[in-house]
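Engineer: My structure is below; once you've seen it, I'll send some questions.
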Amino acid sequence: QKPLRDLAKAKDIYIGVAIGNGNLGDAKYTEIMKREFNFITPENSMKWEAIEPKPAEFHFAQGDEIVAVAKAQKAEVRGHTLTWHSQLAPWVNSATWTKENLTAAIERHIRATVGYYSDDLTHWDVVNEVHEDDGTPRQSIFYKTFGNVADYVELSFREARKHTTKAKLYINDYNLEGQNVSKSDATYQLVKKLKNKGVPIHGVGLQAHLLVGQVPTNMQATIEKFASLGVDVALTELDIRMEQPFTAEKLAQQGNDYEAVFRACLAVKRCVGITLWGITDKYSWIPGVFPTEGSALVWDENYAAKPAYDGIVRAL
Ligand code: XIL
């Protein structure tokens with residue numbers, strides 16, 4: 001069996017994985033990472049709280065470790081993520097801001113971070129999760145201070161563009177995969193508006209945290225719709241979770257679901273790649289956030305490849 005990275009390359013997409021710094025001491029984990037993937041996203045170590053936990057105090061060591069690991073296996077790196085309400089440094093969340101001084105804080109964070117990694121990174125999730133599921137603005141400190149979504153999003157993209165010549169700049173969110181839902185539409189309208197204004201936005205990231213048996217049937221159409229705006233599309237955080245306990249039947253369905261998701265991306269020229277949100281169910285974020293669910297990834301807790309692996313191979 002050829003590694004996924006070879007199969008993906010032959011189909012002109014990348015295959016990525018989210019990597020937790022804390023797991024790099026696990027030999028089985030790094031073996032799969034090196035063998036199967038040509039693209040890496042740091043699962044947590046380039047988030048605001050990790051990079052700039054105190055004003056103007058920057059910590060790049062863990063991000064550096066991800067960049068070094070990626071270089072060693074000739075993988076690209078996706079920066080994740082700059083302007084986001086979650087895992088934001090507490091000092092940003094708790095301060096009383098004016099538009100002017102929050103603008104300065106965002107610009108400093110982006111200047112330092114994008115500037116530091118510069119052309120080592122090929123993609124950046126510049127803004128993450130700016131809408132609620134019903135398509136209304138997320139009530140973040142950014143939104144509350146600026147009074148709208150477009151302004152802080154625009155300034156984030158413009159600042160990022162100044163400090164990298166190479167990285168494709170993305171807006172990223174979950175629950176965008178089904179078309180005509182309010183959130184997907186809000187994102188579409190926002191990207192359209194930014195493009196019309198000449199804001200340097202290059203891609204839309206569909207996180208794709210999905211549920212077994214419920215992959216949106218119109219996912220390909222959704223990808224096409226975003227691509228029609230003249231941007232790339234990537235599936236940035238794919239996992240497909242299920243109620244526990246898992247059964248052979250659910251795992252088989254999951255294999256078909258992974259296959260369907262890969263096929264949806266492969267069918268659209270501007271769908272540039274797919275990132276899995278982890279390697280093994282052992283370290284997946286799902287049970288911590290959705291306590292009755294799990295088994296969302298492609299390798300099980302003992303590193304055995306699941307039917308999901310065969311599903312991906314069928315698609316590729
Ligand atoms: C998750 C990580 O996987 C966890 O380790 C962490 O505790 C919380 O964040 N959307 C995103 C990711 O953009 O950054 C999140 O990652 C999952 C949801």
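Chain labels follow the order of the structure tokens: the first chain is A, the next B, and so on; residue numbering restarts at 1 in every chain, and ligands are counted from 1 in their shown order.
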Ligand 1: which residues are within 10 Å, counting only C-alpha atoms and all ligand atoms? Reply as a ChimeraX atom specification.
Structural biologist: /A:18-20,41-47,80-81,84,86-87,125,127-129,172-174,205-209,236-238,277-278,283-286,288-289
Engineer: Store the residues picked out above, limited to C-alpha atoms, as a compact mmCIF listing (two decimals), in the first residue's frame.
Structural biologist:
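As a result, part_33.txt now contains:
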```txt
# COMPACT_ATOMS: atom_id res chain seq x y z
CA ALA A 18 -2.92 18.30 12.97
CA ILE A 19 0.02 17.58 15.23
CA GLY A 20 0.17 18.12 18.99
CA THR A 41 -1.05 22.04 11.10
CA PRO A 42 0.01 22.70 14.70
CA GLU A 43 -3.03 21.60 16.72
CA ASN A 44 -2.53 24.25 19.41
CA SER A 45 0.93 25.78 19.38
CA MET A 46 0.38 28.72 17.03
CA LYS A 47 -2.78 29.98 18.70
CA HIS A 80 -3.38 28.16 12.82
CA THR A 81 -4.69 30.69 13.79
CA TRP A 84 -9.94 33.92 16.91
CA SER A 86 -11.18 30.96 21.46
CA GLN A 87 -7.79 30.06 22.95
CA ASP A 125 -5.89 30.53 8.94
CA VAL A 127 -9.42 34.45 10.98
CA ASN A 128 -11.32 31.59 12.54
CA GLU A 129 -15.02 31.14 13.42
CA ASN A 172 -11.78 29.17 8.42
CA ASP A 173 -14.94 27.89 10.14
CA TYR A 174 -17.00 24.82 11.01
CA GLY A 205 -11.22 26.60 5.07
CA LEU A 206 -14.06 24.21 5.83
CA GLN A 207 -13.12 22.66 9.15
CA ALA A 208 -15.27 19.61 8.46
CA HIS A 209 -15.89 18.31 11.98
CA THR A 236 -8.83 22.00 7.26
CA GLU A 237 -9.83 19.90 10.30
CA LEU A 238 -11.56 16.77 9.08
CA TRP A 277 -7.61 16.75 12.82
CA GLY A 278 -5.24 14.22 14.34
CA TYR A 283 -5.36 11.77 21.23
CA SER A 284 -8.45 13.16 19.48
CA TRP A 285 -10.05 16.31 20.91
CA ILE A 286 -13.57 14.90 20.40
CA GLY A 288 -13.10 16.08 25.66
CA VAL A 289 -15.68 18.31 24.00
```
Engineer: Need the shell around Asn218 (chain A): protein/DNA/RNA residues with any atom at most 10 Å away, counting only C-alpha atoms. Skip same-chain ones fewer than 6 positions apart. Format as a PyMOL selection string?
Structural biologist: chain A and resi 177-180+224+264
Engineer: From a backbone DSSP assignment, name each residue in region 77-264 of chain A labelled alpha helix (DSSP H), as an mmCIF file with C-alpha atoms, in the first residue's frame.
Structural biologist:
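After the write, part30.cif holds the following:
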```
data_model
loop_
_atom_site.group_PDB
_atom_site.id
_atom_site.type_symbol
_atom_site.label_atom_id
_atom_site.label_comp_id
_atom_site.auth_asym_id
_atom_site.auth_seq_id
_atom_site.Cartn_x
_atom_site.Cartn_y
_atom_site.Cartn_z
ATOM 1 C CA PRO A 90 -6.844 36.198 28.532
ATOM 2 C CA TRP A 91 -5.358 39.696 28.455
ATOM 3 C CA VAL A 92 -7.001 40.307 25.088
ATOM 4 C CA ASN A 93 -10.368 39.053 26.280
ATOM 5 C CA SER A 94 -10.441 40.917 29.545
ATOM 6 C CA LYS A 99 -11.069 50.317 18.138
ATOM 7 C CA GLU A 100 -7.714 52.025 17.788
ATOM 8 C CA ASN A 101 -5.844 50.152 20.460
ATOM 9 C CA LEU A 102 -7.380 46.768 19.602
ATOM 10 C CA THR A 103 -6.353 47.401 16.003
ATOM 11 C CA ALA A 104 -2.817 48.005 17.225
ATOM 12 C CA ALA A 105 -2.849 44.823 19.326
ATOM 13 C CA ILE A 106 -4.106 42.676 16.425
ATOM 14 C CA GLU A 107 -1.560 44.217 14.074
ATOM 15 C CA ARG A 108 1.287 43.655 16.500
ATOM 16 C CA HIS A 109 0.286 40.026 17.032
ATOM 17 C CA ILE A 110 0.010 39.345 13.315
ATOM 18 C CA ARG A 111 3.153 41.289 12.422
ATOM 19 C CA ALA A 112 5.192 39.366 14.986
ATOM 20 C CA THR A 113 3.737 35.934 14.251
ATOM 21 C CA VAL A 114 3.391 35.949 10.476
ATOM 22 C CA GLY A 115 6.659 37.873 10.243
ATOM 23 C CA TYR A 116 8.486 35.367 12.425
ATOM 24 C CA TYR A 117 7.412 32.285 10.460
ATOM 25 C CA ILE A 141 -14.115 40.826 21.836
ATOM 26 C CA PHE A 142 -13.242 41.680 18.228
ATOM 27 C CA TYR A 143 -16.836 41.999 17.108
ATOM 28 C CA LYS A 144 -17.901 43.824 20.247
ATOM 29 C CA THR A 145 -15.124 46.363 19.887
ATOM 30 C CA PHE A 146 -15.461 47.004 16.157
ATOM 31 C CA ALA A 150 -15.841 42.936 8.184
ATOM 32 C CA ASP A 151 -13.504 45.552 9.662
ATOM 33 C CA TYR A 152 -11.460 43.364 11.983
ATOM 34 C CA VAL A 153 -11.396 40.601 9.394
ATOM 35 C CA GLU A 154 -10.187 43.009 6.719
ATOM 36 C CA LEU A 155 -7.438 44.446 8.886
ATOM 37 C CA SER A 156 -6.279 40.955 9.866
ATOM 38 C CA PHE A 157 -5.877 39.912 6.235
ATOM 39 C CA ARG A 158 -4.184 43.163 5.215
ATOM 40 C CA GLU A 159 -1.702 42.925 8.072
ATOM 41 C CA ALA A 160 -0.925 39.255 7.390
ATOM 42 C CA ARG A 161 -0.263 40.003 3.723
ATOM 43 C CA LYS A 162 2.449 42.486 4.660
ATOM 44 C CA SER A 182 -27.199 30.476 7.210
ATOM 45 C CA LYS A 183 -23.618 30.258 8.386
ATOM 46 C CA SER A 184 -22.272 29.014 5.087
ATOM 47 C CA ASP A 185 -24.141 31.793 3.354
ATOM 48 C CA ALA A 186 -22.882 34.462 5.764
ATOM 49 C CA THR A 187 -19.332 33.328 5.067
ATOM 50 C CA TYR A 188 -19.960 33.358 1.327
ATOM 51 C CA GLN A 189 -21.278 36.926 1.480
ATOM 52 C CA LEU A 190 -18.371 38.079 3.631
ATOM 53 C CA VAL A 191 -15.750 36.584 1.319
ATOM 54 C CA LYS A 192 -17.498 38.110 -1.672
ATOM 55 C CA LYS A 193 -17.476 41.515 -0.030
ATOM 56 C CA LEU A 194 -13.798 41.261 0.929
ATOM 57 C CA LYS A 195 -12.805 40.114 -2.567
ATOM 58 C CA ASN A 196 -14.683 43.036 -4.085
ATOM 59 C CA MET A 219 -20.654 19.146 0.041
ATOM 60 C CA GLN A 220 -19.210 19.189 -3.474
ATOM 61 C CA ALA A 221 -21.696 21.886 -4.480
ATOM 62 C CA THR A 222 -20.694 23.920 -1.417
ATOM 63 C CA ILE A 223 -17.022 23.668 -2.309
ATOM 64 C CA GLU A 224 -17.844 24.712 -5.877
ATOM 65 C CA LYS A 225 -19.857 27.651 -4.636
ATOM 66 C CA PHE A 226 -16.987 29.014 -2.554
ATOM 67 C CA ALA A 227 -14.514 28.331 -5.359
ATOM 68 C CA ALA A 248 -18.226 -2.515 13.217
ATOM 69 C CA GLU A 249 -21.213 -1.134 11.373
ATOM 70 C CA LYS A 250 -20.517 2.453 12.400
ATOM 71 C CA LEU A 251 -16.851 2.087 11.475
ATOM 72 C CA ALA A 252 -17.834 0.782 8.039
ATOM 73 C CA GLN A 253 -20.174 3.735 7.556
ATOM 74 C CA GLN A 254 -17.350 6.027 8.636
ATOM 75 C CA GLY A 255 -15.173 4.515 5.901
ATOM 76 C CA ASN A 256 -17.803 5.439 3.334
ATOM 77 C CA ASP A 257 -18.093 8.897 4.860
ATOM 78 C CA TYR A 258 -14.363 9.580 4.616
ATOM 79 C CA GLU A 259 -14.476 8.351 1.043
ATOM 80 C CA ALA A 260 -17.359 10.699 0.216
ATOM 81 C CA VAL A 261 -15.593 13.704 1.727
ATOM 82 C CA PHE A 262 -12.395 13.031 -0.224
ATOM 83 C CA ARG A 263 -14.388 12.540 -3.416
ATOM 84 C CA ALA A 264 -16.162 15.865 -2.916
#
```
Engineer: Within 10 Å of Glu65 (chain A), counting only C-alpha atoms, which residues show up once you throw out same-chain ones fewer than 4 positions away? Write them as a list in words, please.
Structural biologist: Asn21, Leu24, Pro42, Ser45, Phe60, Ala61, Val69, Ala70 and Lys71 of chain A
Engineer: Find the residues near Leu169 (chain A): any atom within 6 Å, counting only C-alpha atoms, skip ones fewer than 5 places away on the same chain, and give them as a ChimeraX atom specification.
Structural biologist: /A:123-124,201-202
Engineer: Point out the residue among A:Gly294, A:Pro137, A:Pro307, A:Gly273 with the least atom-to-atom distance to Ala8 (chain A), counting only C-alpha atoms.
Structural biologist: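 Closest to Ala8 (chain A) of all the choices is A:Gly273.
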Engineer: Taking into account only C-alpha atoms, which residue in the set A:Ile279, A:Phe246, A:Ile66, A:Leu210 is nearest to Glu31 (chain A)?
Structural biologist: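 The closest residue to Glu31 (chain A) is A:Ile279.
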